[in-house]
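Trainee: Starting off with a structure, shown below.
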Amino acid sequence: MSFTNQNIETQVGTVKYAFFDGDNIGNSIENLLNNGRVKEATHLSESIKLAIFQIESLINSTTGAELIIAGGDDVLIKYDFDKHDYNFLENIASIFTKHTGLSMSCGVGDNVPQAINNLMNAKQQSKGSIKSSSKEETQVVRPKQTKLFIFATSDLPDPYINVIAHCIAYYENLTQVVLINITEDRGKIESKEDDLSRLKELISKQLSSLVSGKYLKKKGSQWEELDIEIQPIHCLRYKNLQRIIPDTKVIVYEDLEKETSILLNDIDSFAYIFDVTAFLKSYLVDVYTILRFKNVSTIYSFELSNERTFDHKELIHNLTYNKTYDYACLAESSYTNNKIVVSETSVISESNYNRLVTTFNLLERSHTQLEDKLATNFAQLVLLAYFLISLPVFAWVCWSIAQPEGWNRMEPLAFKLTFGWFLLTYLLQSLIKGKFLSLDPKELFHVLKEWKKKKLEKSRLNSEGNIL
């Protein structure tokens, strides 16, 4: 908590005291911690510190205002009422809301005890309001709003349905969803707008199908409706999603930073979520960098943990948060966590840019390592299955040899099978020019592993192709 001895520059006017206090701060942080969202609780705490810093800077630069206390989520000021009306107090509260997404109550009085008493009344009667004992009393209620901006490239509706459903479940008062597309050609703005309109229609059709127990699956350029098993409670969940009608916005690439500033400087106070789940990779670094410069860290991606199926099994009603899917914050990796930019005039250094590129390269390498591990596990499981199948056969052969004249009967069969195995291998390799999988037991593990890696790579390329 900080104190200042700065004197108010004028004592001629009417002196008032205003005591500000954030609403539901403790409960919000406690709820985040109880739900295991420690990183989000940490970010909220840092956002509160930044908001108080910005408020302190505003008061210290304002003539006829004096900062008495600024700390935690509390601010006490003394100001000249003849110079500053309630808009001045609203501006202070709006700074807090802009950075935290939470409202701030205020009590105004002729002295500090009166200001504290009016603050308590404001919190009891209408949080997010300004309460005064004078005839000029006014109340300004600021309900918390959350707006979701989805950068959209893929024409498949499922990723967007998952993101919207997750945000409705885990973020309070989601008031708006905006689908955003980027174009480098101003002449193609209308074409991109048509693409977003078709995407909205597909999202609506998919939700209608899910409500009725069906699923739209894309085959080539056509869509077919399949019957699926879905519980009524999940149908109701998708029905509730139908009330969310997304807005659309096309941004020209060269205007990306300016348009982002317009989104962030909206006159309403709200929390921002920027989603890049189905976004073109070539623009991802640009969008991430611009948002982080503006101290926005709520940049998320919906990530599946299981092997991809590309059907209704990947919809959110078949998934479990933190088990089969994660809504990952890109600003909370080991490289980006706790990095806050407090000035829009900051310029990224070459080292910071290289660090950001390194982060994405690490993600790519992690993906390759994961594919290699999955392929290795697959080969191990197949060989174990072969062993378990071969074990009773081996036991039967041993039993047969132990019988009278058993070896004499088995010896010709063993020779024929071994020689036939090699002949078949040579023949297949010769006819298919070495492309056939080797039947040599020594190479079987390697062959199985490489086969699985190719399948995983093909699946990943198909997935990226859908996004692109």
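Going through the structure tokens in order, the chains are called A, B, and so on, while each chain numbers its residues from 1 and the ligands are numbered from 1 in the order shown.
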With a cut-off of 10 Å, could you pull out the residues of region 79-182 of chain A touching region 54-72 of chain A and give me the nearest pair of atoms for each, distance in Å to one decimal, using only C-alpha atoms, ordered by chain and ascending number, as CSV?

Mentor:
residue,atom,partner,partner_atom,distance
A:Tyr79,CA,A:Ala65,CA,4.2
A:Asp80,CA,A:Gly64,CA,5.3
A:Phe81,CA,A:Gly64,CA,8.7
A:Asp82,CA,A:Gly64,CA,9.2
A:Lys83,CA,A:Gly64,CA,6.9
A:His84,CA,A:Gly64,CA,8.0
A:Phe88,CA,A:Ile59,CA,9.9
A:Asn91,CA,A:Ile55,CA,9.2
A:Ile92,CA,A:Ile55,CA,6.2
A:Ala93,CA,A:Ile55,CA,8.6
A:Ser94,CA,A:Ile55,CA,9.7
A:Ile95,CA,A:Ile55,CA,6.8
A:Phe96,CA,A:Ile55,CA,7.7
A:His99,CA,A:Gln54,CA,9.6

Trainee: Got time to write the residues from that selection, N, CA and C atoms, as a compact mmCIF listing (two decimals), in the first residue's frame?

Mentor:
# COMPACT_ATOMS: atom_id res chain seq x y z
N TYR A 79 -10.31 15.36 -3.91
CA TYR A 79 -10.38 16.10 -5.16
C TYR A 79 -11.27 17.32 -5.04
N ASP A 80 -11.11 18.24 -5.97
CA ASP A 80 -11.90 19.47 -6.02
C ASP A 80 -13.19 19.19 -6.78
N PHE A 81 -14.31 19.19 -6.06
CA PHE A 81 -15.59 18.84 -6.65
C PHE A 81 -16.03 19.86 -7.70
N ASP A 82 -15.56 21.12 -7.57
CA ASP A 82 -15.92 22.15 -8.54
C ASP A 82 -15.21 21.93 -9.88
N LYS A 83 -14.09 21.23 -9.85
CA LYS A 83 -13.33 20.98 -11.08
C LYS A 83 -13.66 19.64 -11.72
N HIS A 84 -14.04 18.66 -10.91
CA HIS A 84 -14.22 17.29 -11.40
C HIS A 84 -15.59 16.76 -11.01
N PHE A 88 -15.28 12.02 -13.80
CA PHE A 88 -13.91 11.80 -13.34
C PHE A 88 -13.83 10.52 -12.51
N ASN A 91 -14.29 7.46 -14.74
CA ASN A 91 -13.08 7.14 -15.49
C ASN A 91 -12.12 6.31 -14.65
N ILE A 92 -12.02 6.63 -13.37
CA ILE A 92 -11.14 5.87 -12.47
C ILE A 92 -11.63 4.43 -12.35
N ALA A 93 -12.93 4.27 -12.13
CA ALA A 93 -13.49 2.91 -12.00
C ALA A 93 -13.37 2.13 -13.30
N SER A 94 -13.51 2.82 -14.43
CA SER A 94 -13.45 2.12 -15.73
C SER A 94 -12.06 1.58 -16.01
N ILE A 95 -11.02 2.26 -15.51
CA ILE A 95 -9.65 1.75 -15.67
C ILE A 95 -9.51 0.39 -14.99
N PHE A 96 -10.06 0.30 -13.79
CA PHE A 96 -10.00 -0.97 -13.05
C PHE A 96 -10.74 -2.07 -13.79
N HIS A 99 -8.95 -3.46 -17.04
CA HIS A 99 -7.81 -4.35 -16.84
C HIS A 99 -8.18 -5.66 -16.16

Trainee: Could you write out, as an mmCIF file with N, CA and C atoms, in the first residue's frame, all the residues of region 117-188 of chain A that DSSP marks as strand (DSSP E or B)?

Mentor:
data_model
loop_
_atom_site.group_PDB
_atom_site.id
_atom_site.type_symbol
_atom_site.label_atom_id
_atom_site.label_comp_id
_atom_site.auth_asym_id
_atom_site.auth_seq_id
_atom_site.Cartn_x
_atom_site.Cartn_y
_atom_site.Cartn_z
ATOM 1 N N ILE A 130 -21.491 4.413 -7.785
ATOM 2 C CA ILE A 130 -20.899 5.518 -7.038
ATOM 3 C C ILE A 130 -21.979 6.062 -6.098
ATOM 4 N N LYS A 131 -21.676 6.068 -4.811
ATOM 5 C CA LYS A 131 -22.663 6.477 -3.801
ATOM 6 C C LYS A 131 -22.191 7.737 -3.077
ATOM 7 N N SER A 132 -23.069 8.736 -3.023
ATOM 8 C CA SER A 132 -22.749 9.998 -2.374
ATOM 9 C C SER A 132 -23.897 10.410 -1.461
ATOM 10 N N THR A 146 -18.140 -10.316 -20.796
ATOM 11 C CA THR A 146 -17.042 -11.043 -21.428
ATOM 12 C C THR A 146 -17.349 -11.170 -22.905
ATOM 13 N N LYS A 147 -16.403 -10.788 -23.734
ATOM 14 C CA LYS A 147 -16.576 -10.878 -25.180
ATOM 15 C C LYS A 147 -15.522 -11.812 -25.756
ATOM 16 N N LEU A 148 -15.970 -12.693 -26.622
ATOM 17 C CA LEU A 148 -15.122 -13.721 -27.212
ATOM 18 C C LEU A 148 -14.858 -13.390 -28.679
ATOM 19 N N PHE A 149 -13.598 -13.202 -29.024
ATOM 20 C CA PHE A 149 -13.193 -12.940 -30.400
ATOM 21 C C PHE A 149 -12.497 -14.183 -30.948
ATOM 22 N N ILE A 150 -13.094 -14.797 -31.962
ATOM 23 C CA ILE A 150 -12.553 -16.033 -32.531
ATOM 24 C C ILE A 150 -11.968 -15.748 -33.904
ATOM 25 N N PHE A 151 -10.663 -15.942 -34.040
ATOM 26 C CA PHE A 151 -10.032 -15.822 -35.343
ATOM 27 C C PHE A 151 -10.316 -17.102 -36.128
ATOM 28 N N LEU A 174 -21.031 -14.071 -20.772
ATOM 29 C CA LEU A 174 -20.543 -13.977 -22.148
ATOM 30 C C LEU A 174 -21.609 -13.286 -22.985
ATOM 31 N N THR A 175 -21.331 -12.051 -23.392
ATOM 32 C CA THR A 175 -22.351 -11.233 -24.041
ATOM 33 C C THR A 175 -22.210 -11.158 -25.552
ATOM 34 N N GLN A 176 -21.046 -11.500 -26.085
ATOM 35 C CA GLN A 176 -20.861 -11.363 -27.528
ATOM 36 C C GLN A 176 -19.789 -12.319 -28.017
ATOM 37 N N VAL A 177 -20.046 -12.880 -29.199
ATOM 38 C CA VAL A 177 -19.064 -13.714 -29.892
ATOM 39 C C VAL A 177 -18.856 -13.115 -31.273
ATOM 40 N N VAL A 178 -17.596 -12.921 -31.648
ATOM 41 C CA VAL A 178 -17.272 -12.323 -32.939
ATOM 42 C C VAL A 178 -16.325 -13.256 -33.694
ATOM 43 N N LEU A 179 -16.726 -13.643 -34.913
ATOM 44 C CA LEU A 179 -15.860 -14.425 -35.801
ATOM 45 C C LEU A 179 -15.056 -13.448 -36.654
ATOM 46 N N ILE A 180 -13.735 -13.577 -36.615
ATOM 47 C CA ILE A 180 -12.852 -12.638 -37.303
ATOM 48 C C ILE A 180 -12.051 -13.362 -38.371
ATOM 49 N N ASN A 181 -12.010 -12.777 -39.564
ATOM 50 C CA ASN A 181 -11.180 -13.310 -40.640
ATOM 51 C C ASN A 181 -10.229 -12.215 -41.105
ATOM 52 N N ILE A 182 -9.075 -12.609 -41.591
ATOM 53 C CA ILE A 182 -8.063 -11.655 -42.041
ATOM 54 C C ILE A 182 -7.799 -11.859 -43.525
ATOM 55 N N THR A 183 -7.700 -10.760 -44.254
ATOM 56 C CA THR A 183 -7.362 -10.816 -45.677
ATOM 57 C C THR A 183 -6.273 -9.797 -45.974
#

Trainee: Looking at only C-alpha atoms, which of A:Ala51, A:Val108, A:Ile168, A:Ile189 is the one that sits closest to Leu76 (chain A)?

Mentor: A:Val108

Trainee: Could you pull the residues within 8 Å of Lys214 (chain A), counting only C-alpha atoms, minus those fewer than 4 positions along the same chain, as a VMD selection string?

Mentor: chain A and resid 209 to 210 225 to 228

Trainee: Extract, using only C-alpha atoms, all DNA, RNA and protein residues at most 10 Å from Ser28 (chain A), discarding same-chain residues fewer than 6 positions from it, and format them as an NGL selection string.

Mentor: :A and (34 or 41 or 44 or 102)

Trainee: In Å, how far is it from CA of Asn31 (chain A) to CA of Asp158 (chain A)?

Mentor: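 Separation of CA of Asn31 (chain A) and CA of Asp158 (chain A): 29.2 Å.
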